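Asker: If it helps, the file is called input_35.csv and holds CSV, C-alpha atoms:
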```
chain,number,residue,atom,x,y,z
P,361,MET,CA,20.4,-13.7,8.4
P,362,LEU,CA,18.7,-10.9,10.2
P,363,GLU,CA,21.8,-8.8,9.7
P,364,VAL,CA,22.3,-9.9,6.2
P,365,GLU,CA,18.8,-8.8,5.3
P,366,LYS,CA,19.5,-5.4,6.9
P,367,VAL,CA,22.7,-5.0,4.9
P,368,ASN,CA,21.0,-6.0,1.7
P,369,ALA,CA,18.0,-3.7,2.4
P,370,ALA,CA,20.5,-0.8,2.8
P,371,GLY,CA,22.1,-1.5,-0.6
P,372,GLY,CA,24.5,-4.4,0.2
P,373,LEU,CA,28.2,-4.5,0.7
P,374,ALA,CA,29.6,-1.7,-1.5
P,375,GLY,CA,26.6,-2.0,-3.7
P,376,ARG,CA,26.6,-5.8,-3.9
P,377,GLN,CA,23.8,-7.9,-2.4
P,378,ILE,CA,25.0,-10.6,-0.1
P,379,GLU,CA,24.2,-14.1,-1.2
P,380,MET,CA,24.6,-16.7,1.5
P,381,VAL,CA,25.8,-20.2,0.4
P,382,ILE,CA,25.2,-22.6,3.2
P,383,ARG,CA,26.7,-26.0,3.7
P,384,ASP,CA,26.5,-28.5,6.5
P,385,SER,CA,29.7,-30.3,7.5
P,386,LYS,CA,27.9,-32.5,10.0
P,387,GLY,CA,30.5,-31.5,12.6
P,388,GLN,CA,33.3,-33.5,10.8
P,389,PRO,CA,36.6,-31.6,10.6
P,390,GLN,CA,37.7,-33.2,7.3
P,391,GLU,CA,34.3,-32.5,5.7
P,392,ALA,CA,34.5,-28.9,7.0
P,393,ALA,CA,37.8,-28.4,5.3
P,394,ARG,CA,36.6,-29.9,2.1
P,395,ILE,CA,33.4,-27.8,2.1
P,396,ALA,CA,35.4,-24.6,2.9
P,397,ARG,CA,37.6,-25.2,-0.2
P,398,GLU,CA,34.5,-26.1,-2.3
P,399,LEU,CA,32.7,-22.9,-1.2
P,400,VAL,CA,35.6,-20.8,-2.5
P,401,ASN,CA,36.8,-22.8,-5.5
P,402,THR,CA,33.5,-24.1,-6.9
P,403,ASP,CA,30.8,-21.8,-5.5
P,404,GLY,CA,32.7,-18.6,-5.9
P,405,CYS,CA,32.4,-17.4,-2.4
P,406,GLU,CA,34.6,-14.5,-1.6
P,407,MET,CA,34.3,-14.7,2.2
P,408,LEU,CA,33.7,-17.4,4.7
P,409,LEU,CA,31.7,-17.4,8.0
P,410,ASP,CA,33.0,-20.4,9.8
P,411,GLY,CA,30.6,-21.8,12.3
P,412,GLU,CA,32.6,-24.9,13.1
P,413,ALA,CA,33.3,-26.3,16.5
P,414,SER,CA,36.9,-26.0,17.6
P,415,SER,CA,38.2,-29.1,15.9
P,416,GLY,CA,36.7,-28.1,12.6
P,417,SER,CA,37.7,-24.4,12.9
P,418,PHE,CA,41.4,-25.3,13.0
P,419,ALA,CA,40.8,-27.3,9.7
P,420,VAL,CA,39.0,-24.4,8.1
P,421,HIS,CA,41.7,-22.0,9.3
P,422,GLU,CA,44.3,-24.0,7.3
P,423,VAL,CA,42.1,-23.8,4.2
P,424,ALA,CA,41.8,-20.0,4.7
P,425,ARG,CA,45.6,-19.9,5.1
P,426,ASP,CA,46.1,-21.8,1.9
P,427,LEU,CA,43.5,-19.9,-0.2
P,428,GLY,CA,43.9,-16.5,1.3
P,429,VAL,CA,40.2,-16.1,1.5
P,430,LEU,CA,38.7,-13.8,4.1
P,431,CYS,CA,37.4,-16.0,7.0
P,432,ILE,CA,35.6,-15.1,10.2
P,433,HIS,CA,35.3,-17.8,12.7
P,434,THR,CA,31.9,-17.5,14.5
P,435,CYS,CA,31.7,-20.5,16.8
P,436,SER,CA,35.1,-21.8,18.2
P,437,GLU,CA,35.9,-20.5,21.6
P,438,ALA,CA,39.2,-22.5,22.0
P,439,SER,CA,41.6,-19.8,23.0
P,440,SER,CA,44.6,-21.0,21.0
P,441,LEU,CA,42.8,-20.5,17.7
P,442,THR,CA,43.8,-16.8,17.8
P,443,ALA,CA,46.0,-16.6,20.9
P,444,ASP,CA,48.7,-18.9,19.5
P,445,PRO,CA,50.8,-16.8,17.1
P,446,LYS,CA,51.5,-19.9,15.0
P,447,GLN,CA,47.8,-19.8,14.0
P,448,HIS,CA,47.9,-16.1,13.0
P,449,ILE,CA,47.1,-15.3,9.3
P,450,PRO,CA,46.2,-11.9,8.1
P,451,ASN,CA,42.9,-13.0,6.5
P,452,ALA,CA,41.3,-14.8,9.4
P,453,PHE,CA,39.4,-13.4,12.4
P,454,ARG,CA,37.5,-14.7,15.4
P,455,CYS,CA,34.1,-13.1,16.2
P,456,VAL,CA,33.3,-15.3,19.2
P,457,ARG,CA,33.6,-15.1,23.0
P,458,GLN,CA,36.8,-16.9,24.1
P,459,GLY,CA,37.5,-19.5,26.7
P,460,ILE,CA,40.2,-17.5,28.5
P,461,HIS,CA,38.0,-14.5,28.8
P,462,ASP,CA,35.1,-16.6,30.2
P,463,SER,CA,37.5,-18.4,32.6
P,464,ILE,CA,38.9,-15.2,34.0
P,465,VAL,CA,35.5,-13.6,34.7
P,466,GLY,CA,34.0,-16.9,35.8
P,467,ALA,CA,36.8,-17.8,38.2
P,468,GLY,CA,36.7,-14.3,39.7
P,469,TYR,CA,32.9,-14.7,40.3
P,470,ALA,CA,33.2,-18.3,41.6
P,471,ALA,CA,36.1,-17.4,43.9
P,472,GLY,CA,34.0,-14.7,45.5
P,473,ILE,CA,31.3,-17.3,46.3
P,474,ALA,CA,33.9,-19.9,47.3
P,475,LYS,CA,35.3,-17.6,49.9
P,476,ALA,CA,31.9,-16.4,51.2
P,477,LYS,CA,30.6,-19.9,51.5
P,478,SER,CA,33.9,-21.7,52.3
P,479,LEU,CA,33.7,-23.9,49.2
P,480,LYS,CA,37.0,-25.7,49.2
P,481,LYS,CA,36.3,-29.1,47.6
P,482,TRP,CA,35.4,-28.8,43.9
P,483,ALA,CA,34.6,-31.3,41.1
P,484,THR,CA,34.6,-30.6,37.4
P,485,CYS,CA,32.6,-32.2,34.7
P,486,SER,CA,33.2,-31.1,31.1
P,487,PRO,CA,33.1,-32.5,27.6
P,488,ASP,CA,36.2,-34.5,26.5
P,489,TYR,CA,37.5,-32.5,23.6
P,490,ALA,CA,39.6,-29.3,23.0
P,491,TYR,CA,37.1,-26.8,24.2
P,492,GLY,CA,36.1,-28.7,27.3
P,493,ARG,CA,39.6,-29.6,28.4
P,494,ASP,CA,41.1,-26.1,27.7
P,495,THR,CA,38.3,-24.1,29.2
P,496,THR,CA,38.1,-26.2,32.3
P,497,GLY,CA,41.9,-26.0,32.7
P,498,GLU,CA,41.8,-22.2,32.4
P,499,PHE,CA,38.9,-21.9,34.8
P,500,VAL,CA,40.6,-24.0,37.5
P,501,LEU,CA,43.9,-22.1,36.9
P,502,TYR,CA,42.2,-18.8,37.8
P,503,LEU,CA,39.9,-20.2,40.5
P,504,LYS,CA,43.0,-21.4,42.4
P,505,LYS,CA,44.7,-18.1,41.8
P,506,PHE,CA,41.8,-16.1,43.2
P,507,ALA,CA,40.9,-18.7,45.9
P,508,PRO,CA,44.1,-20.6,46.8
P,509,ASP,CA,42.3,-22.9,49.3
P,510,VAL,CA,40.3,-24.6,46.5
P,511,GLU,CA,41.0,-28.3,45.8
P,512,ILE,CA,39.8,-30.3,42.8
P,513,ILE,CA,38.7,-33.7,44.2
P,514,SER,CA,37.0,-35.2,41.2
P,515,GLU,CA,37.2,-34.8,37.4
P,516,SER,CA,34.7,-36.2,34.9
P,517,TRP,CA,35.1,-36.0,31.1
P,518,PRO,CA,32.0,-37.4,29.4
P,519,LYS,CA,32.1,-37.8,25.6
P,520,LEU,CA,30.6,-35.2,23.4
P,521,PHE,CA,26.9,-36.0,22.8
P,522,GLN,CA,26.9,-38.7,25.5
P,523,PRO,CA,23.3,-39.7,26.1
P,524,ASP,CA,23.5,-41.2,29.6
P,525,TYR,CA,25.2,-39.3,32.5
P,526,THR,CA,24.2,-41.7,35.3
P,527,GLU,CA,27.8,-42.8,35.9
P,528,VAL,CA,29.1,-39.3,35.9
P,529,VAL,CA,26.4,-38.0,38.2
P,530,THR,CA,26.9,-40.8,40.7
P,531,LYS,CA,30.7,-40.4,40.6
P,532,ILE,CA,30.4,-36.8,41.5
P,533,LEU,CA,27.8,-37.5,44.3
P,534,GLN,CA,30.1,-40.1,45.8
P,535,ALA,CA,33.0,-37.6,45.8
P,536,LYS,CA,30.9,-35.2,47.9
P,537,PRO,CA,32.3,-31.9,46.5
P,538,GLN,CA,31.0,-28.6,47.8
P,539,ALA,CA,30.9,-27.2,44.3
P,540,LEU,CA,30.9,-28.3,40.7
P,541,TYR,CA,32.2,-26.6,37.6
P,542,SER,CA,31.0,-27.6,34.1
P,543,CYS,CA,31.3,-26.4,30.6
P,544,LEU,CA,28.9,-28.9,29.2
P,545,TRP,CA,26.7,-27.1,26.7
P,546,GLY,CA,23.6,-27.4,24.5
P,547,GLY,CA,21.9,-30.8,24.6
P,548,ASP,CA,24.7,-32.3,26.7
P,549,LEU,CA,24.1,-29.8,29.4
P,550,THR,CA,20.3,-30.1,29.3
P,551,SER,CA,20.5,-33.9,29.4
P,552,TYR,CA,22.9,-33.7,32.3
P,553,ILE,CA,20.7,-31.4,34.3
P,554,ASP,CA,17.6,-33.4,33.7
P,555,GLN,CA,19.4,-36.6,34.8
P,556,ALA,CA,21.1,-34.9,37.8
P,557,ASN,CA,17.8,-33.6,38.9
P,558,ILE,CA,16.7,-37.2,39.6
P,559,TYR,CA,19.4,-37.4,42.2
P,560,ALA,CA,18.7,-33.9,43.6
P,561,MET,CA,22.3,-33.0,42.8
P,562,PHE,CA,21.6,-29.3,42.7
P,563,ASN,CA,20.5,-29.3,46.4
P,564,GLN,CA,23.8,-30.9,47.4
P,565,MET,CA,26.4,-28.5,45.9
P,566,GLU,CA,26.9,-25.2,44.3
P,567,VAL,CA,26.9,-25.6,40.5
P,568,PHE,CA,28.8,-23.3,38.1
P,569,ALA,CA,27.8,-24.1,34.5
P,570,VAL,CA,29.3,-21.5,32.2
P,571,ASN,CA,27.0,-22.3,29.3
P,572,MET,CA,23.7,-22.3,31.2
P,573,ALA,CA,22.6,-18.7,30.5
P,574,ASP,CA,21.7,-19.3,26.9
P,575,TYR,CA,18.1,-19.7,25.7
P,576,THR,CA,19.4,-22.9,24.0
P,577,ALA,CA,19.7,-24.5,27.4
P,578,LEU,CA,17.4,-22.4,29.6
P,579,THR,CA,14.2,-23.1,27.6
P,580,VAL,CA,14.9,-26.8,27.0
P,581,VAL,CA,15.7,-28.1,30.5
P,582,LYS,CA,12.5,-29.6,32.0
P,583,ASN,CA,13.0,-28.4,35.5
P,584,LEU,CA,15.5,-25.6,35.6
P,585,PRO,CA,17.0,-25.6,39.1
P,586,LYS,CA,17.1,-22.3,40.9
P,587,GLY,CA,20.6,-21.0,41.8
P,588,ILE,CA,22.8,-22.4,39.1
P,589,HIS,CA,25.7,-20.0,38.5
P,590,SER,CA,26.3,-19.3,34.9
P,591,GLY,CA,28.2,-17.2,32.5
P,592,ASP,CA,25.9,-15.2,30.1
P,593,ARG,CA,25.8,-16.6,26.5
P,594,TYR,CA,22.9,-14.7,25.1
P,595,ILE,CA,20.1,-13.3,27.1
P,596,LYS,CA,18.2,-10.2,26.0
P,597,THR,CA,18.5,-8.6,29.4
P,598,PHE,CA,22.4,-8.6,29.4
P,599,PRO,CA,23.8,-6.2,28.5
P,600,PRO,CA,20.8,-4.4,30.0
P,601,THR,CA,20.4,-1.9,27.1
P,602,PRO,CA,17.4,-1.0,24.9
P,603,GLU,CA,19.6,-1.9,21.9
P,604,ASN,CA,20.2,-5.5,23.1
P,605,ALA,CA,16.5,-6.0,24.1
P,606,ALA,CA,15.3,-4.7,20.7
P,607,TRP,CA,17.6,-7.0,18.9
P,608,GLY,CA,16.5,-10.0,20.9
P,609,ASP,CA,12.8,-9.1,20.3
P,610,ALA,CA,13.4,-8.6,16.6
P,611,TYR,CA,15.0,-12.0,16.3
P,612,ARG,CA,12.2,-13.7,18.2
P,613,ALA,CA,9.6,-11.9,16.1
P,614,LYS,CA,11.2,-13.1,12.9
P,615,TYR,CA,12.1,-16.7,13.9
P,616,ASN,CA,9.6,-17.4,16.6
P,617,GLU,CA,12.4,-18.5,18.9
P,618,TYR,CA,15.0,-16.8,21.1
P,619,PRO,CA,18.5,-16.0,19.8
P,620,THR,CA,21.4,-18.1,21.0
P,621,ASN,CA,25.0,-17.4,21.7
P,622,TRP,CA,25.8,-18.2,18.1
P,623,SER,CA,23.1,-15.8,16.8
P,624,TRP,CA,24.8,-12.7,18.3
P,625,GLN,CA,28.2,-13.9,17.2
P,626,ASN,CA,27.3,-14.4,13.6
P,627,ALA,CA,25.3,-11.1,13.6
P,628,THR,CA,28.3,-9.3,14.9
P,629,ALA,CA,30.5,-10.8,12.2
P,630,VAL,CA,28.1,-9.4,9.5
P,631,MET,CA,28.1,-6.0,11.3
P,632,PHE,CA,31.9,-6.0,11.2
P,633,LEU,CA,32.0,-6.9,7.5
P,634,ASN,CA,29.5,-4.2,6.7
P,635,GLU,CA,31.5,-1.5,8.6
P,636,ALA,CA,34.9,-2.7,7.1
P,637,VAL,CA,33.5,-2.7,3.6
P,638,LYS,CA,32.2,0.8,4.1
P,639,LYS,CA,35.6,1.9,5.4
P,640,VAL,CA,37.4,0.8,2.3
P,641,ASN,CA,34.4,1.0,-0.2
P,642,SER,CA,35.5,-2.3,-1.5
P,643,THR,CA,34.7,-6.0,-1.1
P,644,ASP,CA,38.2,-7.0,-1.9
P,645,GLY,CA,39.1,-9.6,0.8
P,646,LYS,CA,42.6,-8.2,1.4
P,647,LYS,CA,41.4,-4.7,1.8
P,648,VAL,CA,38.4,-5.7,4.0
P,649,ALA,CA,40.8,-7.8,6.2
P,650,GLU,CA,43.0,-4.7,6.7
P,651,ALA,CA,40.0,-2.7,7.6
P,652,LEU,CA,38.8,-5.3,10.1
P,653,THR,CA,42.1,-5.3,11.9
P,654,GLY,CA,41.7,-3.2,15.0
P,655,LEU,CA,38.2,-2.0,13.9
P,656,THR,CA,35.7,-0.9,16.6
P,657,ILE,CA,32.0,-0.8,15.8
P,658,LYS,CA,28.9,0.1,17.6
P,659,CYS,CA,27.2,-3.1,18.7
P,660,PRO,CA,24.2,-4.1,20.9
P,661,PHE,CA,26.3,-6.9,22.4
P,662,GLY,CA,29.2,-4.7,23.5
P,663,ALA,CA,30.0,-4.1,27.2
P,664,ASP,CA,30.0,-0.4,26.5
P,665,GLY,CA,28.0,-0.4,23.3
P,666,THR,CA,31.0,-1.2,21.1
P,667,VAL,CA,33.1,-4.2,20.3
P,668,THR,CA,36.6,-4.4,18.8
P,669,MET,CA,38.4,-6.8,16.5
P,670,ARG,CA,41.7,-6.6,18.3
P,671,ALA,CA,44.6,-5.9,16.0
P,672,ASP,CA,47.3,-8.1,17.4
P,673,ASP,CA,45.5,-11.4,17.5
P,674,HIS,CA,42.4,-10.8,15.3
P,675,THR,CA,40.0,-11.7,18.0
P,676,LEU,CA,36.8,-10.1,19.4
P,677,VAL,CA,37.1,-8.1,22.6
P,678,GLY,CA,34.8,-5.8,24.5
P,679,TYR,CA,31.7,-8.0,24.3
P,680,ALA,CA,29.4,-8.2,27.3
P,681,ILE,CA,30.5,-10.9,29.6
P,682,GLY,CA,29.2,-11.7,33.1
P,683,TRP,CA,27.9,-14.3,35.5
P,684,GLY,CA,24.8,-14.6,37.5
P,685,THR,CA,22.4,-17.2,39.0
P,686,THR,CA,19.4,-18.8,37.4
P,687,ILE,CA,15.7,-18.7,38.3
P,688,PRO,CA,13.2,-21.0,36.6
P,689,GLN,CA,11.4,-18.4,34.5
P,690,GLU,CA,12.2,-15.3,32.6
P,691,PRO,CA,14.4,-13.4,32.7
P,692,TYR,CA,16.2,-16.6,33.9
P,693,VAL,CA,19.3,-14.8,35.1
P,694,PRO,CA,18.0,-11.6,36.6
P,695,ASP,CA,21.2,-10.2,38.1
P,696,VAL,CA,24.2,-10.6,35.9
P,697,LYS,CA,27.5,-9.3,37.4
P,698,ALA,CA,29.5,-7.8,34.5
P,699,GLY,CA,33.1,-8.8,34.1
P,700,ASP,CA,35.8,-6.0,33.9
P,701,TRP,CA,37.7,-5.9,30.6
P,702,LYS,CA,40.6,-4.1,32.2
P,703,THR,CA,41.2,-7.1,34.5
P,704,ILE,CA,40.6,-9.5,31.6
P,705,PHE,CA,43.2,-7.8,29.5
P,706,GLU,CA,45.8,-7.8,32.3
P,707,LEU,CA,45.3,-11.5,33.2
P,708,GLU,CA,45.0,-12.6,29.5
P,709,ALA,CA,48.3,-10.9,28.8
P,710,GLU,CA,49.9,-12.9,31.7
P,711,TRP,CA,48.3,-16.1,30.5
P,712,LYS,CA,49.6,-15.5,26.9
P,713,LYS,CA,53.1,-15.0,28.3
P,714,SER,CA,52.9,-18.2,30.4
P,715,LYS,CA,51.9,-20.2,27.4
P,716,GLY,CA,54.7,-18.8,25.3
P,717,TYR,CA,52.4,-16.9,23.0
P,718,THR,CA,54.1,-13.6,23.5
C,343,MET,CA,19.2,-14.4,-0.1
C,344,THR,CA,20.0,-18.0,0.7
C,345,ARG,CA,21.0,-20.6,-1.8
C,346,THR,CA,21.4,-24.2,-1.1
C,347,ARG,CA,23.3,-26.5,-3.5
C,348,LYS,CA,21.2,-28.5,-5.9
C,349,PRO,CA,22.3,-31.9,-7.3
C,350,GLY,CA,23.8,-32.1,-10.7
C,351,ILE,CA,26.7,-30.4,-12.5
C,352,SER,CA,27.0,-26.7,-11.8
C,353,ARG,CA,27.6,-24.1,-14.5
C,354,ARG,CA,31.1,-23.6,-13.2
C,355,SER,CA,31.9,-27.3,-13.3
C,356,THR,CA,30.5,-27.6,-16.8
C,357,LEU,CA,32.7,-24.7,-18.0
C,358,ALA,CA,35.7,-26.2,-16.3
C,359,LEU,CA,35.2,-29.5,-18.1
C,360,MET,CA,34.8,-27.6,-21.4
C,361,GLY,CA,38.4,-26.4,-21.1
C,362,ALA,CA,40.3,-23.2,-21.3
C,363,GLY,CA,38.5,-21.9,-24.4
C,364,ALA,CA,35.2,-22.1,-22.7
C,365,MET,CA,36.6,-20.4,-19.6
C,366,SER,CA,37.9,-17.5,-21.7
C,367,PHE,CA,34.5,-17.1,-23.2
C,368,ALA,CA,32.8,-17.4,-19.9
C,369,ALA,CA,35.1,-15.3,-17.8
C,370,PRO,CA,33.5,-11.8,-18.5
C,371,TRP,CA,30.0,-13.3,-17.8
C,372,VAL,CA,31.2,-14.7,-14.5
C,373,ALA,CA,32.8,-11.4,-13.6
C,374,ARG,CA,29.5,-9.6,-14.2
C,375,ALA,CA,27.7,-12.1,-12.1
C,376,GLN,CA,30.2,-11.6,-9.2
C,377,ALA,CA,29.8,-7.8,-9.5
C,378,LYS,CA,26.1,-8.2,-8.8
C,379,THR,CA,26.2,-10.3,-5.7
C,380,ILE,CA,28.9,-11.2,-3.2
C,381,LYS,CA,28.7,-14.8,-2.0
C,382,ILE,CA,29.6,-15.6,1.6
C,383,GLY,CA,30.0,-19.3,2.4
C,384,MET,CA,28.8,-20.5,5.7
C,385,ARG,CA,28.5,-23.7,7.7
C,386,PRO,CA,25.4,-23.2,9.9
C,387,PHE,CA,26.4,-22.9,13.5
C,388,CYS,CA,23.6,-24.7,15.1
C,389,ARG,CA,19.9,-25.5,15.3
C,390,VAL,CA,18.3,-25.3,18.6
C,391,ALA,CA,16.2,-28.2,19.8
C,392,SER,CA,12.8,-27.6,21.2
C,393,ARG,CA,11.6,-29.9,23.9
C,394,ASN,CA,10.1,-32.2,21.4
C,395,SER,CA,12.8,-32.3,18.7
C,396,GLY,CA,15.5,-34.1,20.5
C,397,ARG,CA,19.0,-32.8,21.5
C,398,PRO,CA,20.4,-29.6,20.1
C,399,ARG,CA,23.2,-30.2,17.6
C,400,ALA,CA,24.9,-27.0,18.4
C,401,MET,CA,28.6,-27.0,18.3
C,402,ARG,CA,31.1,-25.0,20.2
```
I need this file expressed as structure tokens, please.

Answerer:
Amino acid sequence: MLEVEKVNAAGGLAGRQIEMVIRDSKGQPQEAARIARELVNTDGCEMLLDGEASSGSFAVHEVARDLGVLCIHTCSEASSLTADPKQHIPNAFRCVRQGIHDSIVGAGYAAGIAKAKSLKKWATCSPDYAYGRDTTGEFVLYLKKFAPDVEIISESWPKLFQPDYTEVVTKILQAKPQALYSCLWGGDLTSYIDQANIYAMFNQMEVFAVNMADYTALTVVKNLPKGIHSGDRYIKTFPPTPENAAWGDAYRAKYNEYPTNWSWQNATAVMFLNEAVKKVNSTDGKKVAEALTGLTIKCPFGADGTVTMRADDHTLVGYAIGWGTTIPQEPYVPDVKAGDWKTIFELEAEWKKSKGYT
Amino acid sequence: MTRTRKPGISRRSTLALMGAGAMSFAAPWVARAQAKTIKIGMRPFCRVASRNSGRPRAMR
């Protein structure tokens, strides 16, 4: 909404003020599809920002395919949503970080530590749905590529929103891994850490939790352990630029809370819409979609100050992506090691080929 | 601007029930309304829990 207000204050999209029409699908894919259709057919929405989880995003994607409405996914990180050419439609885009990008950068970072500390026995613990399974699989794939000695000795797949992790924690402790990877997130991750703290788990192994470095999790955990390795989600100190810090401060000043991973992704989607509409001086969905394809914009969340909506698969690239270790107080992850997009592109291309996507 | 849906029959639904004649009558009016604002539909991506408000419902 911060960005919507900026666009409206500057005159709107091609002179038209943006009116947000907001619905809650309660995380139900069928409801998400029904609401998406209703937003277009009944409420007269000309564009959709889809904040669904992976399962719901695929459903909304099919509605966008059917209706031809311009749709920007702003939450789903499951790689196949845009990597699989069967999913490709000209009117849909993904303005989200992506599992395969995180896995490549995370595995490279983790492999460096694995080699330095001789961490060969690993366990995984991730949520049991598309995002958890896919992202963990991609991380392990690249971890073994970069550190061939690594062996996965235990896997745990807790249900999404599972309240009690005792069984999972004890299973991992009994396996005695040297390192643990997890893509638990949000409340699941904070609950898991709070419960694992009881068993002093974080003193017994190196923990790599890709979704830790987001204020959603960092500020909610009761006792944030020092030294958890995490991918950045949103922190105002990475990328370390005045533009990013200013955006984070402006968000906090307005909402009295820190931005999240989803905040910057939705903000970036509105930035893209604004620039695409300017380019064609029209709000016509088809023209805007054509303008979005391959568009590069200035953006505080870009690795080099820009981000691009890649033309061939309509997905966001060039965003800041990196890993670091936590400390229990601000800035929480003081030294984030940035990923290299040249390497990401090379390995992503190989991965797409191996999956039969290209 | 944010608009949340209110209960009851919307103007569009009413016009739809009134049939094609009503739609013909209403169409220019609707077009003018659309020219003023552009509606973007959104499903909120998450709300973040504070320490006291329970578990975050964020989705990924």

Asker: Give me, please, the distance in Å between atom CA of Thr495 of chain P and atom CA of Val423 of chain P, quoted to one decimal.

Answerer: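 Separating atom CA of Thr495 of chain P from atom CA of Val423 of chain P is a distance of 25.3 Å.
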
Asker: Please measure the separation of atom CA of Ser414 of chain P and atom CA of Trp545 of chain P, giving the value in Å to one decimal.

Answerer: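 Atom-to-atom, atom CA of Ser414 of chain P and atom CA of Trp545 of chain P are spaced 13.7 Å apart.
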
Asker: What separation in Å, quoted to one decimal, exists between atom CA of Leu549 of chain P and atom CA of His461 of chain P?

Answerer: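 Distance reported for this atom pair: 20.7 Å.
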
Asker: Mind running chain P against chain C at 7 Å and telling me each contacting residue's nearest atom pair with the distance in Å (one decimal), counting only C-alpha atoms, chain and number ascending, as a tab-separated table?

Answerer:
```
residue	atom	partner	partner_atom	distance
P:Arg376	CA	C:Thr379	CA	4.9
P:Gln377	CA	C:Thr379	CA	4.7
P:Ile378	CA	C:Ile380	CA	5.0
P:Glu379	CA	C:Lys381	CA	4.6
P:Met380	CA	C:Thr344	CA	4.8
P:Val381	CA	C:Gly383	CA	4.7
P:Ile382	CA	C:Met384	CA	4.9
P:Arg383	CA	C:Arg385	CA	5.0
P:Asp384	CA	C:Arg385	CA	5.3
P:Ser385	CA	C:Arg385	CA	6.7
P:Leu399	CA	C:Gly383	CA	5.8
P:Thr402	CA	C:Arg354	CA	6.8
P:Gly404	CA	C:Lys381	CA	6.8
P:Cys405	CA	C:Lys381	CA	4.5
P:Glu406	CA	C:Lys381	CA	5.9
P:Met407	CA	C:Ile382	CA	4.8
P:Leu408	CA	C:Gly383	CA	4.8
P:Leu409	CA	C:Met384	CA	4.8
P:Asp410	CA	C:Met384	CA	5.9
P:Gly411	CA	C:Phe387	CA	4.5
P:Glu412	CA	C:Phe387	CA	6.5
P:Ala413	CA	C:Arg402	CA	4.5
P:Ser414	CA	C:Arg402	CA	6.4
P:Cys435	CA	C:Arg402	CA	5.7
P:Ser436	CA	C:Arg402	CA	5.5
P:Glu437	CA	C:Arg402	CA	6.7
P:Gly546	CA	C:Pro398	CA	5.9
P:Gly547	CA	C:Arg397	CA	4.7
P:Thr576	CA	C:Val390	CA	6.0
P:Val580	CA	C:Arg393	CA	5.5
P:Trp622	CA	C:Phe387	CA	6.6
```

Asker: Any idea what's packed within 12 Å of segment 645-654 of chain P, counting only C-alpha atoms, ignoring anything in its chain fewer than 4 positions away? Could you give it as a PyMOL selection string?

Answerer: (chain P and resi 373-374+405-408+424+427-432+449-455+629-641+667-677) or (chain C and resi 380-382)

Asker: As an mmCIF file with C-alpha atoms, in the coordinates of the input, please: the residues near Glu527 of chain P (cut-off 12 Å, only C-alpha atoms, same-chain neighbours under 4 positions excluded).

Answerer:
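What ended up in around-v2.cif:
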```
data_model
loop_
_atom_site.group_PDB
_atom_site.id
_atom_site.type_symbol
_atom_site.label_atom_id
_atom_site.label_comp_id
_atom_site.auth_asym_id
_atom_site.auth_seq_id
_atom_site.Cartn_x
_atom_site.Cartn_y
_atom_site.Cartn_z
ATOM 1 C CA CYS P 485 32.600 -32.200 34.700
ATOM 2 C CA SER P 516 34.700 -36.200 34.900
ATOM 3 C CA TRP P 517 35.100 -36.000 31.100
ATOM 4 C CA PRO P 518 32.000 -37.400 29.400
ATOM 5 C CA GLN P 522 26.900 -38.700 25.500
ATOM 6 C CA PRO P 523 23.300 -39.700 26.100
ATOM 7 C CA LYS P 531 30.700 -40.400 40.600
ATOM 8 C CA ILE P 532 30.400 -36.800 41.500
ATOM 9 C CA LEU P 533 27.800 -37.500 44.300
ATOM 10 C CA GLN P 534 30.100 -40.100 45.800
ATOM 11 C CA TYR P 552 22.900 -33.700 32.300
ATOM 12 C CA GLN P 555 19.400 -36.600 34.800
ATOM 13 C CA ALA P 556 21.100 -34.900 37.800
ATOM 14 C CA TYR P 559 19.400 -37.400 42.200
#
```

Asker: Could you list as a ChimeraX atom specification every residue that has an atom within 12 Å of (37.9, -29.4, 22.2), using the file's coordinates and counting all atoms listed in the file?

Answerer: /P:389,412-418,436-441,459,486-497,517,519-520,543-544 /C:401-402

Asker: Contacts of segment 560-564 of chain P at 8 Å or less, counting all atoms listed in the file, minus same-chain residues fewer than 6 places along, as number ranges by chain?

Answerer: P: 529, 533, 538, 585, 588
